[in-house]
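Visitor: First the structure, then my questions, so here it is.
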Amino acid sequence: MKHTIQRTYNFNAGPSALPLAVLEKAQQELVDFRETGMSVMELSHRSPAYEAVHNEAIKRLKDLFAIPENYEVLFLQGGASLQFSMIPMNFLQPGQKAGYVMTGSWSEKAITEAKLFGEPYEVASTKEAKYCRIPELNELQYNDSDAYIHVTSNNTIYGTQWQEFPDTADIPLIADMSSDIMSKSVDVSKFAMIYAGAQKNLGPSGVTLVIIRKDLLEKANGKLPTMLKYGTQVKSNSLYNTPPTFGIYMLGEVLRWIEETGGLEAVAQRNEEKAKLIYDAIDNSNGFYVGHAEHASRSLMNITFNLPSEDLEKKFLSEAKEAGFVGLNGHRSVGGCRASTYNAVPYEACKALSEFMIEFQRENGVN
Ligand SMILES: *Cc1c(COP(=O)(O)O)cnc(C)c1O
């Protein structure tokens, strides 16, 4: 008897929902991958079967994200958090400055690491406004001599997202795109480096994607431990040591799913429609739900909101949980509620959440 699987409405911030089609394909291939008689997890990372998986994933990334020829694609470990350290280690010399645009907790973590190696400074910060917005481009004041400018494209905790990136000309622009990579197309050529932990929009945790322009590599500090130099993994196609093979396989399958469901343009359109359902529930609530982010800075990936009181928030979260919604608690540092609507979160889940919000308001609102 075939048992029907009930998939949860998963709004987790990360690790987060994966496409059902990808999970089912992985399940089907789990014990015998492409007639090897083994799981991908059991293949040697030096075998042709694994190398095909690895190179297919890189090729899909280059094609889907339109990565120009003069960039390298790397699969690293240590999460986006290790990139906070590796970037200044490689590209910030003692006494040299680098500009950080402060848009949330992840920017704070990034600048903290840079202070260990050079002189990072805040190009702009919206901390006083509780990070409810992204600075305007004309608020960004930096110096031509900066080693690089660092931005966080989507602020997972506060629910804000850059709509337009600065043109930093000859100063390398580096972006942490952990929570909105591949949610829409981006002009990669504006950036010297893009990085992202895989576990929000690309696959399971354990893989960190780095896209890096070749000329930036030439400026890297050579006196670093082997595993902390980008050059090491560039030279060996991310196979210097054992890569997270199963995670890279899953990432490749997530990219295949994006291709098969219409590419990045279709993904972006679905993301807009999904987020709109929930933002509409907020905007049409007469102030019962209050969005944290200013309209112009709203994220299509993490939707943050509050209710009129903490008691109502508790009630909302507990009734939502009972109704089958998972992951709606705000980050432990800010409280409130957050719905993460990454690529793999289905439209139906967002529709169900918006209906739940409207119903909850009807039952608990004052009007
Ligand atoms: C989740 C997240 C991180 C941390 O990623 P790890 O892979 O856990 O180190 C960093 N930056 C942003 C924007 C994130 O959303």
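Each chain in the structure tokens gets a letter, A, B, ..., in the order shown, and its residues are numbered from 1; ligands are numbered from 1 in order too.
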Got a sec to check which residues lie within 9 Å of ligand 1, using only C-alpha atoms and all ligand atoms, and send them as a ChimeraX atom specification?
Guide: /A:13-15,77-84,104-107,109-110,152-157,176-180,195-200,205-208
Visitor: Near region 338-352 of chain A, within 9 Å and counting only C-alpha atoms, which residues show up once chain neighbours fewer than 4 positions away are dropped, as a PyMOL selection string?
Guide: chain A and resi 8-14+16-20+156-159+179-180+182-183+200-202+254+258+267-268+270-271+273-275+277-278+300-306+325+327-331+356-357
Visitor: Could you check how far CA of Ala124 (chain A) sits from CA of Asn143 (chain A), in Å to one decimal?
Guide: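 For CA of Ala124 (chain A) relative to CA of Asn143 (chain A), the distance reads 12.7 Å.
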Visitor: For Asp144 (chain A), work out the shell of residues within 10 Å, counting only C-alpha atoms and skipping chain neighbours fewer than 4 positions away, then give it as a ChimeraX atom specification.
Guide: /A:148,168-171
Visitor: Measuring between only C-alpha atoms, which one of A:Ala296, A:Ile248, A:Val31, A:Val326 shows the shortest distance to His45 (chain A)?
Guide: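 Closest to His45 (chain A), using only C-alpha atoms: A:Ile248.
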Visitor: List the spatial neighbours of region 95-101 of chain A as a list in words - criterion: any atom at most 6 Å away, only C-alpha atoms, same-chain residues fewer than 3 positions off excluded.
Guide: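 Here the qualifying residues turn out to be Gly118, Glu119, Pro120, Tyr121, Glu122, Val123, Ala124, Asp146, Ala147, Tyr148, Ile149, His150 and Val151 of chain A.
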Visitor: Can those selected residues be exported to a file as a short mmCIF file (atom, residue, chain, number, x, y, z; two decimals), in the first residue's frame so that it contains N, CA and C atoms?
Guide:
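This is the output file result.cif:
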```cif
data_model
loop_
_atom_site.label_atom_id
_atom_site.label_comp_id
_atom_site.auth_asym_id
_atom_site.auth_seq_id
_atom_site.Cartn_x
_atom_site.Cartn_y
_atom_site.Cartn_z
N GLY A 118 42.53 43.95 9.63
CA GLY A 118 42.81 45.26 9.06
C GLY A 118 41.93 46.31 9.71
N GLU A 119 41.58 47.32 8.92
CA GLU A 119 40.82 48.45 9.46
C GLU A 119 39.46 48.57 8.78
N PRO A 120 38.54 47.66 9.07
CA PRO A 120 37.23 47.82 8.44
C PRO A 120 36.50 49.00 9.07
N TYR A 121 35.63 49.63 8.28
CA TYR A 121 34.81 50.71 8.84
C TYR A 121 33.39 50.58 8.28
N GLU A 122 32.45 51.29 8.91
CA GLU A 122 31.05 51.21 8.49
C GLU A 122 30.78 52.24 7.41
N VAL A 123 30.47 51.77 6.22
CA VAL A 123 30.15 52.67 5.10
C VAL A 123 28.83 53.37 5.38
N ALA A 124 27.92 52.64 5.96
CA ALA A 124 26.62 53.16 6.36
C ALA A 124 26.03 52.11 7.29
N ASP A 146 39.90 51.71 -0.62
CA ASP A 146 39.42 50.56 0.16
C ASP A 146 39.78 49.24 -0.52
N ALA A 147 40.12 48.25 0.32
CA ALA A 147 40.45 46.93 -0.23
C ALA A 147 39.22 46.31 -0.88
N TYR A 148 38.06 46.55 -0.28
CA TYR A 148 36.79 46.07 -0.84
C TYR A 148 35.64 46.69 -0.07
N ILE A 149 34.44 46.56 -0.65
CA ILE A 149 33.20 46.96 0.04
C ILE A 149 32.39 45.68 0.23
N HIS A 150 31.85 45.50 1.43
CA HIS A 150 31.09 44.29 1.73
C HIS A 150 29.62 44.61 1.99
N VAL A 151 28.74 43.89 1.32
CA VAL A 151 27.29 44.05 1.58
C VAL A 151 26.64 42.69 1.85
#
```
Visitor: When you draw a straight line from CA of Asp63 (chain A) to CA of Leu251 (chain A), how long is it in Å?
Guide: 14.2 Å
Visitor: Among region 326-356 of chain A, which ones does DSSP assign to helix (DSSP H, G or I) (computed from the backbone)? Answer as a compact mmCIF listing (two decimals) with all heavy atoms, in the first residue's frame.
Guide:
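Output below, filename selection_32.txt:
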```
# COMPACT_ATOMS: atom_id res chain seq x y z
N TYR A 347 3.92 27.74 -3.48
CA TYR A 347 2.88 28.76 -3.49
C TYR A 347 1.75 28.38 -2.52
O TYR A 347 1.26 29.22 -1.75
CB TYR A 347 2.33 28.89 -4.92
CG TYR A 347 1.26 29.95 -5.09
CD1 TYR A 347 1.60 31.27 -5.37
CD2 TYR A 347 -0.10 29.62 -4.97
CE1 TYR A 347 0.62 32.25 -5.54
CE2 TYR A 347 -1.08 30.59 -5.13
CZ TYR A 347 -0.72 31.89 -5.40
OH TYR A 347 -1.68 32.86 -5.56
N GLU A 348 1.38 27.10 -2.53
CA GLU A 348 0.26 26.63 -1.69
C GLU A 348 0.54 26.88 -0.21
O GLU A 348 -0.37 27.19 0.54
CB GLU A 348 0.01 25.13 -1.90
CG GLU A 348 -0.47 24.74 -3.29
CD GLU A 348 0.58 24.95 -4.38
OE1 GLU A 348 1.78 24.64 -4.11
OE2 GLU A 348 0.23 25.44 -5.47
N ALA A 349 1.80 26.73 0.19
CA ALA A 349 2.14 26.95 1.60
C ALA A 349 1.94 28.42 1.96
O ALA A 349 1.43 28.76 3.03
CB ALA A 349 3.58 26.52 1.87
N CYS A 350 2.32 29.31 1.04
CA CYS A 350 2.18 30.75 1.29
C CYS A 350 0.71 31.15 1.29
O CYS A 350 0.27 31.98 2.08
CB CYS A 350 2.97 31.54 0.24
SG CYS A 350 4.73 31.16 0.30
N LYS A 351 -0.04 30.54 0.38
CA LYS A 351 -1.48 30.80 0.31
C LYS A 351 -2.13 30.35 1.63
O LYS A 351 -2.93 31.09 2.22
CB LYS A 351 -2.05 30.01 -0.89
CG LYS A 351 -3.51 30.16 -1.12
CD LYS A 351 -3.77 31.11 -2.27
CE LYS A 351 -5.26 31.27 -2.55
NZ LYS A 351 -5.80 32.50 -2.05
N ALA A 352 -1.77 29.18 2.08
CA ALA A 352 -2.34 28.67 3.33
C ALA A 352 -1.97 29.58 4.49
O ALA A 352 -2.81 29.86 5.36
CB ALA A 352 -1.85 27.24 3.58
N LEU A 353 -0.75 30.07 4.50
CA LEU A 353 -0.34 30.96 5.60
C LEU A 353 -1.11 32.27 5.55
O LEU A 353 -1.58 32.77 6.57
CB LEU A 353 1.17 31.23 5.56
CG LEU A 353 1.67 32.21 6.62
CD1 LEU A 353 1.36 31.71 8.04
CD2 LEU A 353 3.18 32.45 6.48
N SER A 354 -1.28 32.83 4.35
CA SER A 354 -1.99 34.11 4.28
C SER A 354 -3.44 33.92 4.73
O SER A 354 -3.99 34.75 5.46
CB SER A 354 -1.90 34.72 2.88
OG SER A 354 -2.78 34.10 2.00
N GLU A 355 -4.03 32.79 4.38
CA GLU A 355 -5.41 32.52 4.82
C GLU A 355 -5.47 32.34 6.34
O GLU A 355 -6.39 32.84 7.00
CB GLU A 355 -5.97 31.28 4.11
CG GLU A 355 -6.35 31.61 2.67
CD GLU A 355 -6.57 30.38 1.79
OE1 GLU A 355 -6.48 29.24 2.31
OE2 GLU A 355 -6.82 30.58 0.58
N PHE A 356 -4.46 31.67 6.86
CA PHE A 356 -4.41 31.47 8.31
C PHE A 356 -4.29 32.83 9.03
O PHE A 356 -4.95 33.08 10.04
CB PHE A 356 -3.23 30.56 8.68
CG PHE A 356 -3.04 30.41 10.16
CD1 PHE A 356 -3.78 29.49 10.88
CD2 PHE A 356 -2.14 31.23 10.85
CE1 PHE A 356 -3.62 29.36 12.26
CE2 PHE A 356 -1.98 31.12 12.22
CZ PHE A 356 -2.72 30.18 12.93
```
Visitor: Give me every strand (DSSP E or B) residue in region 124-156 of chain A, going by DSSP on the backbone, as a PyMOL selection string.
Guide: chain A and resi 124-125+149-152+154-155
Visitor: Between CA of Val73 (chain A) and CA of Glu35 (chain A), what is the distance, to one decimal in Å?
Guide: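 Separation of CA of Val73 (chain A) and CA of Glu35 (chain A): 28.1 Å.
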Visitor: Counting only C-alpha atoms, figure out which residue out of A:Pro243, A:Gly262, A:Gly324, A:Pro135 gets nearest to Leu74 (chain A).
Guide: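 Counting only C-alpha atoms, the residue closest to Leu74 (chain A) is A:Pro243.
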Visitor: Find the residues around Glu310 (chain A) up to 10 Å (only C-alpha atoms counted), leave out those fewer than 6 positions away in its own chain, and share them as a compact mmCIF listing (two decimals) with N, CA and C atoms, in the first residue's frame.
Guide:
```
# COMPACT_ATOMS: atom_id res chain seq x y z
N PHE A 316 -0.54 33.33 18.28
CA PHE A 316 -0.44 33.15 16.83
C PHE A 316 0.51 32.00 16.51
N GLY A 335 12.81 38.36 18.06
CA GLY A 335 11.44 37.98 18.40
C GLY A 335 10.48 38.20 17.25
N GLY A 336 9.18 38.31 17.57
CA GLY A 336 8.17 38.48 16.54
C GLY A 336 8.04 37.24 15.66
```
Visitor: Measuring between only C-alpha atoms, which one of A:Cys337, A:Leu92, A:Ala129, A:Leu209 shows the shortest distance to Gly247 (chain A)?
Guide: A:Leu209
Visitor: Can you pull out every residue within 12 Å of Thr245 (chain A), counting only C-alpha atoms, but drop anything in the same chain fewer than 2 positions away, and send it as a compact mmCIF listing (two decimals) with C-alpha atoms, in the first residue's frame?
Guide:
```
# COMPACT_ATOMS: atom_id res chain seq x y z
CA SER A 39 25.17 5.97 -3.22
CA VAL A 40 26.75 9.30 -4.21
CA MET A 41 27.94 9.36 -0.58
CA GLU A 42 29.95 6.20 -1.15
CA LEU A 43 31.72 7.31 -4.34
CA SER A 44 35.36 8.31 -4.27
CA HIS A 45 35.67 12.03 -4.81
CA ARG A 46 38.37 11.13 -7.38
CA SER A 47 36.06 8.87 -9.40
CA ALA A 49 31.13 9.31 -11.53
CA TYR A 50 31.61 11.88 -8.78
CA GLU A 51 33.58 14.28 -10.96
CA ALA A 52 30.65 14.33 -13.38
CA VAL A 53 28.32 15.36 -10.53
CA HIS A 54 30.75 18.05 -9.39
CA ASN A 55 31.33 19.52 -12.84
CA ALA A 57 26.82 21.42 -10.66
CA PHE A 75 32.48 24.71 -3.24
CA LEU A 76 33.92 25.21 0.24
CA GLN A 77 33.07 24.21 3.80
CA PRO A 204 21.44 21.08 2.36
CA SER A 205 23.87 22.59 4.85
CA GLY A 206 27.55 21.76 4.50
CA VAL A 207 28.39 23.44 1.20
CA SER A 238 37.44 22.53 -5.21
CA LEU A 239 38.94 19.04 -4.97
CA ASN A 241 40.63 17.74 -0.15
CA THR A 242 37.38 15.81 0.19
CA PRO A 243 34.50 18.12 -0.68
CA GLY A 247 25.67 18.31 -0.56
CA ILE A 248 27.17 19.23 -3.92
CA TYR A 249 25.09 16.52 -5.59
CA MET A 250 21.94 17.92 -3.93
CA LEU A 251 22.88 21.46 -4.91
CA GLY A 252 23.25 20.30 -8.52
```
